[in-house]
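Participant: So I've got this file, protein.csv, and it contains CSV, C-alpha atoms:
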chain,number,residue,atom,x,y,z
A,19,MET,CA,270.1,151.5,-17.0
A,20,LEU,CA,266.5,150.2,-17.0
A,21,LYS,CA,265.9,149.4,-20.7
A,22,ARG,CA,263.3,146.7,-21.4
A,23,LYS,CA,262.1,147.0,-17.8
A,24,THR,CA,258.5,147.5,-16.9
A,25,ALA,CA,257.8,149.8,-13.9
A,26,VAL,CA,254.6,150.7,-12.1
A,27,VAL,CA,254.5,153.9,-10.0
A,28,THR,CA,251.4,154.5,-7.9
A,29,GLY,CA,250.3,158.0,-7.0
A,30,ALA,CA,252.2,159.2,-10.2
A,31,ALA,CA,250.2,162.3,-11.1
A,32,HIS,CA,252.1,164.7,-8.8
A,33,GLY,CA,255.1,165.2,-6.6
A,34,ILE,CA,257.3,162.3,-5.7
A,35,GLY,CA,255.4,159.9,-7.9
A,36,ARG,CA,255.6,162.1,-11.0
A,37,ALA,CA,259.3,162.8,-10.4
A,38,THR,CA,260.0,159.0,-9.9
A,39,ALA,CA,258.1,158.1,-13.1
A,40,ARG,CA,260.0,160.7,-15.0
A,41,LEU,CA,263.4,159.5,-13.8
A,42,LEU,CA,262.6,155.8,-14.4
A,43,ALA,CA,261.4,156.6,-17.9
A,44,ALA,CA,264.5,158.7,-18.6
A,45,GLN,CA,266.5,155.6,-17.7
A,46,GLY,CA,264.7,153.6,-20.4
A,47,ALA,CA,261.9,151.9,-18.4
A,48,ARG,CA,258.4,151.5,-19.7
A,49,VAL,CA,256.4,153.2,-17.0
A,50,ALA,CA,252.8,152.7,-16.0
A,51,LEU,CA,251.4,155.7,-14.1
A,52,LEU,CA,248.6,154.9,-11.7
A,53,ASP,CA,246.5,157.6,-10.1
A,54,ARG,CA,242.9,158.6,-9.7
A,55,ASP,CA,243.6,162.2,-10.9
A,56,LYS,CA,243.0,162.0,-14.6
A,57,THR,CA,244.0,165.6,-15.2
A,58,GLY,CA,247.2,165.2,-13.2
A,59,LEU,CA,248.0,162.0,-15.1
A,60,ALA,CA,247.6,163.8,-18.4
A,61,LYS,CA,250.0,166.6,-17.3
A,62,ALA,CA,252.5,164.0,-16.0
A,63,VAL,CA,252.5,162.3,-19.4
A,64,VAL,CA,253.3,165.7,-21.0
A,65,ASP,CA,256.0,166.3,-18.4
A,66,ILE,CA,257.7,163.0,-19.0
A,67,GLY,CA,257.8,163.5,-22.7
A,68,ASP,CA,258.5,161.0,-25.4
A,69,ALA,CA,259.2,158.0,-23.2
A,70,GLN,CA,257.0,154.9,-23.3
A,71,VAL,CA,254.4,155.6,-20.6
A,72,LEU,CA,251.0,154.2,-19.8
A,73,PRO,CA,248.6,156.4,-17.7
A,74,ILE,CA,245.9,154.5,-15.9
A,75,ALA,CA,243.3,156.3,-13.9
A,76,ALA,CA,242.4,154.1,-11.0
A,77,ASP,CA,241.3,154.5,-7.4
A,78,LEU,CA,243.7,152.2,-5.5
A,79,LEU,CA,241.3,152.0,-2.6
A,80,ASP,CA,239.0,150.0,-4.8
A,81,GLU,CA,240.2,146.4,-5.1
A,82,SER,CA,238.5,145.8,-8.5
A,83,GLU,CA,240.2,148.9,-9.9
A,84,VAL,CA,243.6,147.7,-8.6
A,85,VAL,CA,243.2,144.3,-10.2
A,86,GLY,CA,242.1,145.9,-13.5
A,87,ALA,CA,244.9,148.4,-13.5
A,88,PHE,CA,247.6,145.8,-13.1
A,89,ALA,CA,245.9,143.5,-15.7
A,90,GLU,CA,246.1,146.4,-18.1
A,91,VAL,CA,249.8,147.0,-17.4
A,92,LYS,CA,250.6,143.3,-17.9
A,93,GLY,CA,248.6,143.3,-21.2
A,94,GLN,CA,250.3,146.4,-22.5
A,95,PHE,CA,253.9,146.1,-21.2
A,96,GLY,CA,254.2,142.5,-19.9
A,97,PRO,CA,255.1,141.4,-16.3
A,98,VAL,CA,256.1,144.1,-13.9
A,99,ASP,CA,259.9,144.3,-13.1
A,100,ILE,CA,259.7,147.3,-10.8
A,101,LEU,CA,256.9,148.4,-8.4
A,102,VAL,CA,257.0,151.7,-6.6
A,103,ASN,CA,254.3,151.9,-3.9
A,104,ASN,CA,254.1,155.7,-3.6
A,105,VAL,CA,250.4,156.4,-3.3
A,106,GLY,CA,249.4,157.8,0.1
A,107,GLN,CA,248.2,160.8,1.9
A,108,GLY,CA,250.2,162.7,4.5
A,109,ALA,CA,249.4,163.4,8.1
A,110,ARG,CA,249.4,167.1,7.3
A,111,GLU,CA,246.1,166.8,5.6
A,112,LYS,CA,244.6,164.5,8.3
A,113,GLY,CA,246.6,165.7,11.3
A,114,SER,CA,245.0,166.2,14.7
A,115,SER,CA,245.7,165.1,18.3
A,116,PHE,CA,245.0,161.4,18.8
A,117,GLN,CA,242.2,162.3,21.3
A,118,ALA,CA,240.5,164.4,18.6
A,119,SER,CA,241.0,161.9,15.8
A,120,SER,CA,238.2,159.6,14.5
A,121,ARG,CA,237.9,156.0,13.4
A,122,GLU,CA,237.2,157.4,9.9
A,123,SER,CA,240.5,159.1,9.9
A,124,TRP,CA,242.4,156.1,11.2
A,125,ASP,CA,240.8,153.8,8.6
A,126,PHE,CA,241.5,156.2,5.8
A,127,LEU,CA,245.2,156.7,6.6
A,128,ILE,CA,245.8,152.9,7.1
A,129,ASP,CA,243.9,152.1,3.9
A,130,ILE,CA,245.7,154.7,1.7
A,131,CYS,CA,249.2,154.4,3.2
A,132,LEU,CA,249.5,150.7,4.1
A,133,LYS,CA,246.8,148.6,2.5
A,134,THR,CA,247.4,150.0,-1.0
A,135,THR,CA,251.1,149.0,-0.6
A,136,ILE,CA,250.1,145.5,0.3
A,137,GLN,CA,247.4,145.3,-2.3
A,138,CYS,CA,249.5,146.5,-5.2
A,139,THR,CA,252.4,144.3,-4.2
A,140,HIS,CA,250.1,141.3,-4.2
A,141,GLN,CA,249.3,141.9,-7.8
A,142,VAL,CA,253.0,141.5,-8.9
A,143,ILE,CA,254.6,139.1,-6.5
A,144,ALA,CA,253.6,135.8,-8.1
A,145,ASP,CA,255.1,136.9,-11.5
A,146,MET,CA,258.3,138.1,-9.8
A,147,GLN,CA,258.7,134.9,-7.9
A,148,ALA,CA,258.1,132.8,-11.1
A,149,ARG,CA,260.7,134.9,-13.0
A,150,LYS,CA,263.2,135.0,-10.0
A,151,SER,CA,263.5,138.7,-10.4
A,152,GLY,CA,261.9,141.9,-9.2
A,153,LYS,CA,262.3,145.3,-7.4
A,154,ILE,CA,259.8,146.6,-5.0
A,155,VAL,CA,260.2,150.1,-3.5
A,156,ASN,CA,257.8,151.2,-0.8
A,157,ILE,CA,257.5,154.9,0.2
A,158,SER,CA,257.2,155.2,4.0
A,159,SER,CA,257.9,158.4,6.0
A,160,ASP,CA,260.4,159.5,8.7
A,161,SER,CA,257.3,160.1,10.8
A,162,ALA,CA,257.3,156.3,11.4
A,163,LEU,CA,260.7,156.6,13.1
A,164,ILE,CA,260.4,160.0,14.8
A,165,GLY,CA,256.9,159.5,16.2
A,166,ALA,CA,255.7,162.9,14.9
A,167,LYS,CA,253.1,164.7,17.0
A,168,ALA,CA,249.5,164.9,15.8
A,169,SER,CA,249.9,162.0,13.4
A,170,ALA,CA,249.7,158.8,15.4
A,171,ALA,CA,247.6,156.9,12.9
A,172,TYR,CA,249.7,158.1,10.0
A,173,ALA,CA,252.9,157.1,11.8
A,174,ALA,CA,251.4,153.7,12.5
A,175,ALA,CA,250.5,153.2,8.9
A,176,LYS,CA,253.9,154.2,7.6
A,177,GLY,CA,255.6,152.1,10.3
A,178,GLY,CA,253.5,149.2,8.9
A,179,VAL,CA,255.0,149.9,5.5
A,180,ILE,CA,258.5,149.4,7.0
A,181,SER,CA,257.5,146.2,8.8
A,182,PHE,CA,255.9,144.9,5.6
A,183,THR,CA,259.0,145.7,3.7
A,184,ARG,CA,261.3,143.8,6.0
A,185,SER,CA,259.1,140.8,6.3
A,186,LEU,CA,258.4,140.4,2.6
A,187,ALA,CA,262.1,141.0,1.8
A,188,ARG,CA,263.0,138.1,4.0
A,189,GLU,CA,260.3,135.9,2.4
A,190,VAL,CA,261.3,136.5,-1.2
A,191,ALA,CA,265.0,137.0,-0.9
A,192,ALA,CA,265.8,133.5,-2.3
A,193,ASP,CA,263.7,134.5,-5.3
A,194,ARG,CA,266.1,137.3,-6.0
A,195,ILE,CA,263.5,139.9,-5.4
A,196,ASN,CA,264.7,143.1,-3.6
A,197,VAL,CA,262.2,144.8,-1.3
A,198,ASN,CA,263.2,148.1,0.2
A,199,ALA,CA,261.7,151.3,1.6
A,200,ILE,CA,262.4,155.0,1.6
A,201,ALA,CA,261.4,157.3,4.5
A,202,PRO,CA,261.2,160.9,3.2
A,203,GLY,CA,261.2,163.9,5.5
A,204,TYR,CA,259.8,167.3,4.5
A,205,ILE,CA,259.6,167.2,0.7
A,206,ARG,CA,258.4,170.2,-1.4
A,207,THR,CA,255.1,168.8,-2.6
A,208,ARG,CA,251.5,170.0,-2.6
A,209,ALA,CA,251.0,168.8,1.0
A,210,LEU,CA,254.0,170.9,2.2
A,211,GLU,CA,252.6,174.0,0.4
A,212,LEU,CA,249.5,173.7,2.5
A,213,LEU,CA,251.4,174.1,5.8
A,214,PRO,CA,250.9,177.4,7.6
A,215,LYS,CA,254.0,179.6,7.5
A,216,GLU,CA,254.8,179.0,11.2
A,217,LEU,CA,254.7,175.2,10.8
A,218,SER,CA,256.8,175.5,7.6
A,219,GLN,CA,259.4,177.4,9.6
A,220,LYS,CA,259.3,174.9,12.4
A,221,ALA,CA,259.8,172.1,9.9
A,222,LEU,CA,263.0,173.8,8.6
A,223,ALA,CA,264.2,174.3,12.1
A,224,GLU,CA,263.9,170.6,12.7
A,225,THR,CA,266.0,169.8,9.6
A,226,PRO,CA,269.7,170.2,10.2
A,227,MET,CA,270.4,170.9,6.5
A,228,ASN,CA,267.8,173.8,6.8
A,229,ILE,CA,266.3,173.1,3.4
A,230,PHE,CA,263.3,171.1,2.2
A,231,GLY,CA,263.8,168.1,0.0
A,232,GLU,CA,262.6,168.0,-3.6
A,233,PRO,CA,260.7,165.2,-5.2
A,234,ASP,CA,263.8,164.4,-7.3
A,235,ASP,CA,265.7,163.6,-4.1
A,236,ILE,CA,263.3,160.8,-3.4
A,237,ALA,CA,263.2,159.7,-7.1
A,238,ASN,CA,267.0,159.4,-7.1
A,239,ALA,CA,266.8,157.1,-4.1
A,240,VAL,CA,264.1,155.0,-5.8
A,241,LEU,CA,266.4,154.6,-8.9
A,242,PHE,CA,269.1,153.2,-6.7
A,243,PHE,CA,266.7,150.6,-5.3
A,244,ALA,CA,265.1,149.9,-8.7
A,245,SER,CA,268.3,149.3,-10.5
A,246,ASP,CA,271.1,146.7,-10.3
A,247,MET,CA,273.1,149.2,-8.1
A,248,SER,CA,271.1,147.7,-5.2
A,249,ARG,CA,271.6,144.1,-6.2
A,250,TYR,CA,272.8,143.1,-2.7
A,251,VAL,CA,270.5,145.3,-0.7
A,252,THR,CA,267.1,144.2,0.6
A,253,GLY,CA,264.8,144.8,3.6
A,254,GLN,CA,266.3,148.2,4.2
A,255,THR,CA,264.8,151.6,4.8
A,256,LEU,CA,266.7,154.6,3.5
A,257,ILE,CA,265.9,157.9,5.3
A,258,VAL,CA,266.0,160.9,3.0
A,259,ASN,CA,265.3,163.9,5.3
A,260,GLY,CA,268.2,166.3,5.5
A,261,GLY,CA,269.3,164.8,8.8
A,262,ARG,CA,265.9,165.3,10.7
A,263,TRP,CA,266.3,161.7,11.9
A,264,MET,CA,269.6,159.8,11.9
A,265,ASN,CA,270.1,156.1,12.6
Give the structure from the file, written as structure tokens.

Facilitator:
Amino acid sequence: MLKRKTAVVTGAAHGIGRATARLLAAQGARVALLDRDKTGLAKAVVDIGDAQVLPIAADLLDESEVVGAFAEVKGQFGPVDILVNNVGQGAREKGSSFQASSRESWDFLIDICLKTTIQCTHQVIADMQARKSGKIVNISSDSALIGAKASAAYAAAKGGVISFTRSLAREVAADRINVNAIAPGYIRTRALELLPKELSQKALAETPMNIFGEPDDIANAVLFFASDMSRYVTGQTLIVNGGRWMN
């Protein structure tokens, strides 16, 4: 399905990013895995297997490392066809009441969840426009829609991802570039594993399907947006959360 396509997945060492990279590679794409966790990247490469992958250790909060990483991808694999902006950090790690939160926390969440999406997209958009082709998939969160308690800055950052998605999609639609977003709910990742048992049970109670999602559930949604199956879809946000939020 994705043969001869070059894909970049950020935050690819674990969880949703690793599952996405594995699925895109299984569909024939050459996949660059960007993450600052070198050990996690090495394990991801083993997990993905014999597919053509390029692990790049980079801190995506550092502009020079972002520029260098995308230059390496282009040098090794050529122009990027598919960008999956997955890197981020959840409110569960930085959660608190807004009154108790700090500027340091706001800045971190906006930088890691929103600015990395903008920064990485800026590295590929000129080539995509020149080639009149491209797929950009941004990972948001259903917290941006629900207004989850104790995560105001996180929800704001992820809401910004949705707004960025819509605006850019409109701007580059004539260039045949599809820009879409996915808003996951509770997904079984390392962050979810850190939840106290009572909060985990509360999360299940909030989810009509009464199960947690798996990283592969999000990867499957990414594949739809990254492939020709979504040829006529742009500027959309797909909510994948077991019914926790319904449009």

Participant: Do you have the CA of Leu52 in chain A-CA of Val251 in chain A distance handy?

Facilitator: 26.3 Å

Participant: Counting only C-alpha atoms, find the residues whose atoms lie at most 6 Å from (247.1, 153.3, -6.3) (file coordinates) and write them out as a ChimeraX atom specification.

Facilitator: /A:28-29,52-53,78,105

Participant: What lies within 12 Å of Thr252 in chain A using all atoms listed in the file, ignoring chain neighbours under 4 positions off, as an mmCIF file with C-alpha atoms, in the frame of the given file?

Facilitator:
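Written file, selection-v7.cif:
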data_model
loop_
_atom_site.group_PDB
_atom_site.id
_atom_site.type_symbol
_atom_site.label_atom_id
_atom_site.label_comp_id
_atom_site.auth_asym_id
_atom_site.auth_seq_id
_atom_site.Cartn_x
_atom_site.Cartn_y
_atom_site.Cartn_z
ATOM 1 C CA GLY A 152 261.900 141.900 -9.200
ATOM 2 C CA LYS A 153 262.300 145.300 -7.400
ATOM 3 C CA ILE A 154 259.800 146.600 -5.000
ATOM 4 C CA VAL A 155 260.200 150.100 -3.500
ATOM 5 C CA ASN A 156 257.800 151.200 -0.800
ATOM 6 C CA ILE A 180 258.500 149.400 7.000
ATOM 7 C CA THR A 183 259.000 145.700 3.700
ATOM 8 C CA ARG A 184 261.300 143.800 6.000
ATOM 9 C CA SER A 185 259.100 140.800 6.300
ATOM 10 C CA LEU A 186 258.400 140.400 2.600
ATOM 11 C CA ALA A 187 262.100 141.000 1.800
ATOM 12 C CA ARG A 188 263.000 138.100 4.000
ATOM 13 C CA GLU A 189 260.300 135.900 2.400
ATOM 14 C CA VAL A 190 261.300 136.500 -1.200
ATOM 15 C CA ALA A 191 265.000 137.000 -0.900
ATOM 16 C CA ALA A 192 265.800 133.500 -2.300
ATOM 17 C CA ASP A 193 263.700 134.500 -5.300
ATOM 18 C CA ARG A 194 266.100 137.300 -6.000
ATOM 19 C CA ILE A 195 263.500 139.900 -5.400
ATOM 20 C CA ASN A 196 264.700 143.100 -3.600
ATOM 21 C CA VAL A 197 262.200 144.800 -1.300
ATOM 22 C CA ASN A 198 263.200 148.100 0.200
ATOM 23 C CA ALA A 199 261.700 151.300 1.600
ATOM 24 C CA ILE A 200 262.400 155.000 1.600
ATOM 25 C CA PHE A 242 269.100 153.200 -6.700
ATOM 26 C CA PHE A 243 266.700 150.600 -5.300
ATOM 27 C CA ALA A 244 265.100 149.900 -8.700
ATOM 28 C CA ASP A 246 271.100 146.700 -10.300
ATOM 29 C CA MET A 247 273.100 149.200 -8.100
ATOM 30 C CA SER A 248 271.100 147.700 -5.200
ATOM 31 C CA LEU A 256 266.700 154.600 3.500
#

Participant: Taking all atoms listed in the file into account, name the residue in A:Ala76, A:Trp263, A:Asp99, A:Gln219 that is nearest to Ser161 in chain A.

Facilitator: A:Trp263

Participant: Quick one, how far is CA of Glu211 in chain A from CA of Phe230 in chain A?

Facilitator: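 Result for CA of Glu211 in chain A versus CA of Phe230 in chain A: 11.2 Å, one decimal.
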
Participant: Could you tell me how far CA of Ile34 in chain A sits from CA of Pro233 in chain A, in Å to one decimal place?

Facilitator: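 Interatomic distance here is 4.5 Å.
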
Participant: Which residue is closest to Ala43 in chain A? Choose from A:Leu79, A:Leu20, A:Ile100, A:Cys138 and count all atoms listed in the file.

Facilitator: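 So, comparing all the options, the nearest one is A:Leu20.
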
Participant: Residues near Ser158 in chain A, anyone? I mean within 6 Å using only C-alpha atoms, not counting same-chain ones fewer than 6 positions away, as a list in words.

Facilitator: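 Non-adjacent residues within range: Lys176, Val179, Ile200 and Ala201 of chain A.
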
Participant: Check the smallest atom-to-atom distance from each of A:Gln254, A:Gln70, A:Thr57, A:Ser123 to Arg22 in chain A using all atoms listed in the file, then report the winner.

Facilitator: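 Nearest candidate to Arg22 in chain A out of A:Gln254, A:Gln70, A:Thr57, A:Ser123: A:Gln70.
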
Participant: Measuring between all atoms listed in the file, which one of A:Asn265, A:Gln107, A:Ser151, A:Thr24 shows the shortest distance to Phe126 in chain A?

Facilitator: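 Ranked by minimum distance to Phe126 in chain A, first place goes to A:Gln107.
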
Participant: Nearest residue to Glu232 in chain A out of A:Ala47, A:Ala69, A:Arg36, A:Ala171, using all atoms listed in the file?

Facilitator: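 Once distances to Glu232 in chain A are computed over all atoms listed in the file, the minimum belongs to A:Arg36.
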
Participant: With all atoms listed in the file as the basis for distance, which of A:Gly178, A:Pro202, A:Pro73, A:Gly93 is at the shortest distance from Ile130 in chain A?

Facilitator: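 That would be A:Gly178, the residue with the smallest distance to Ile130 in chain A.
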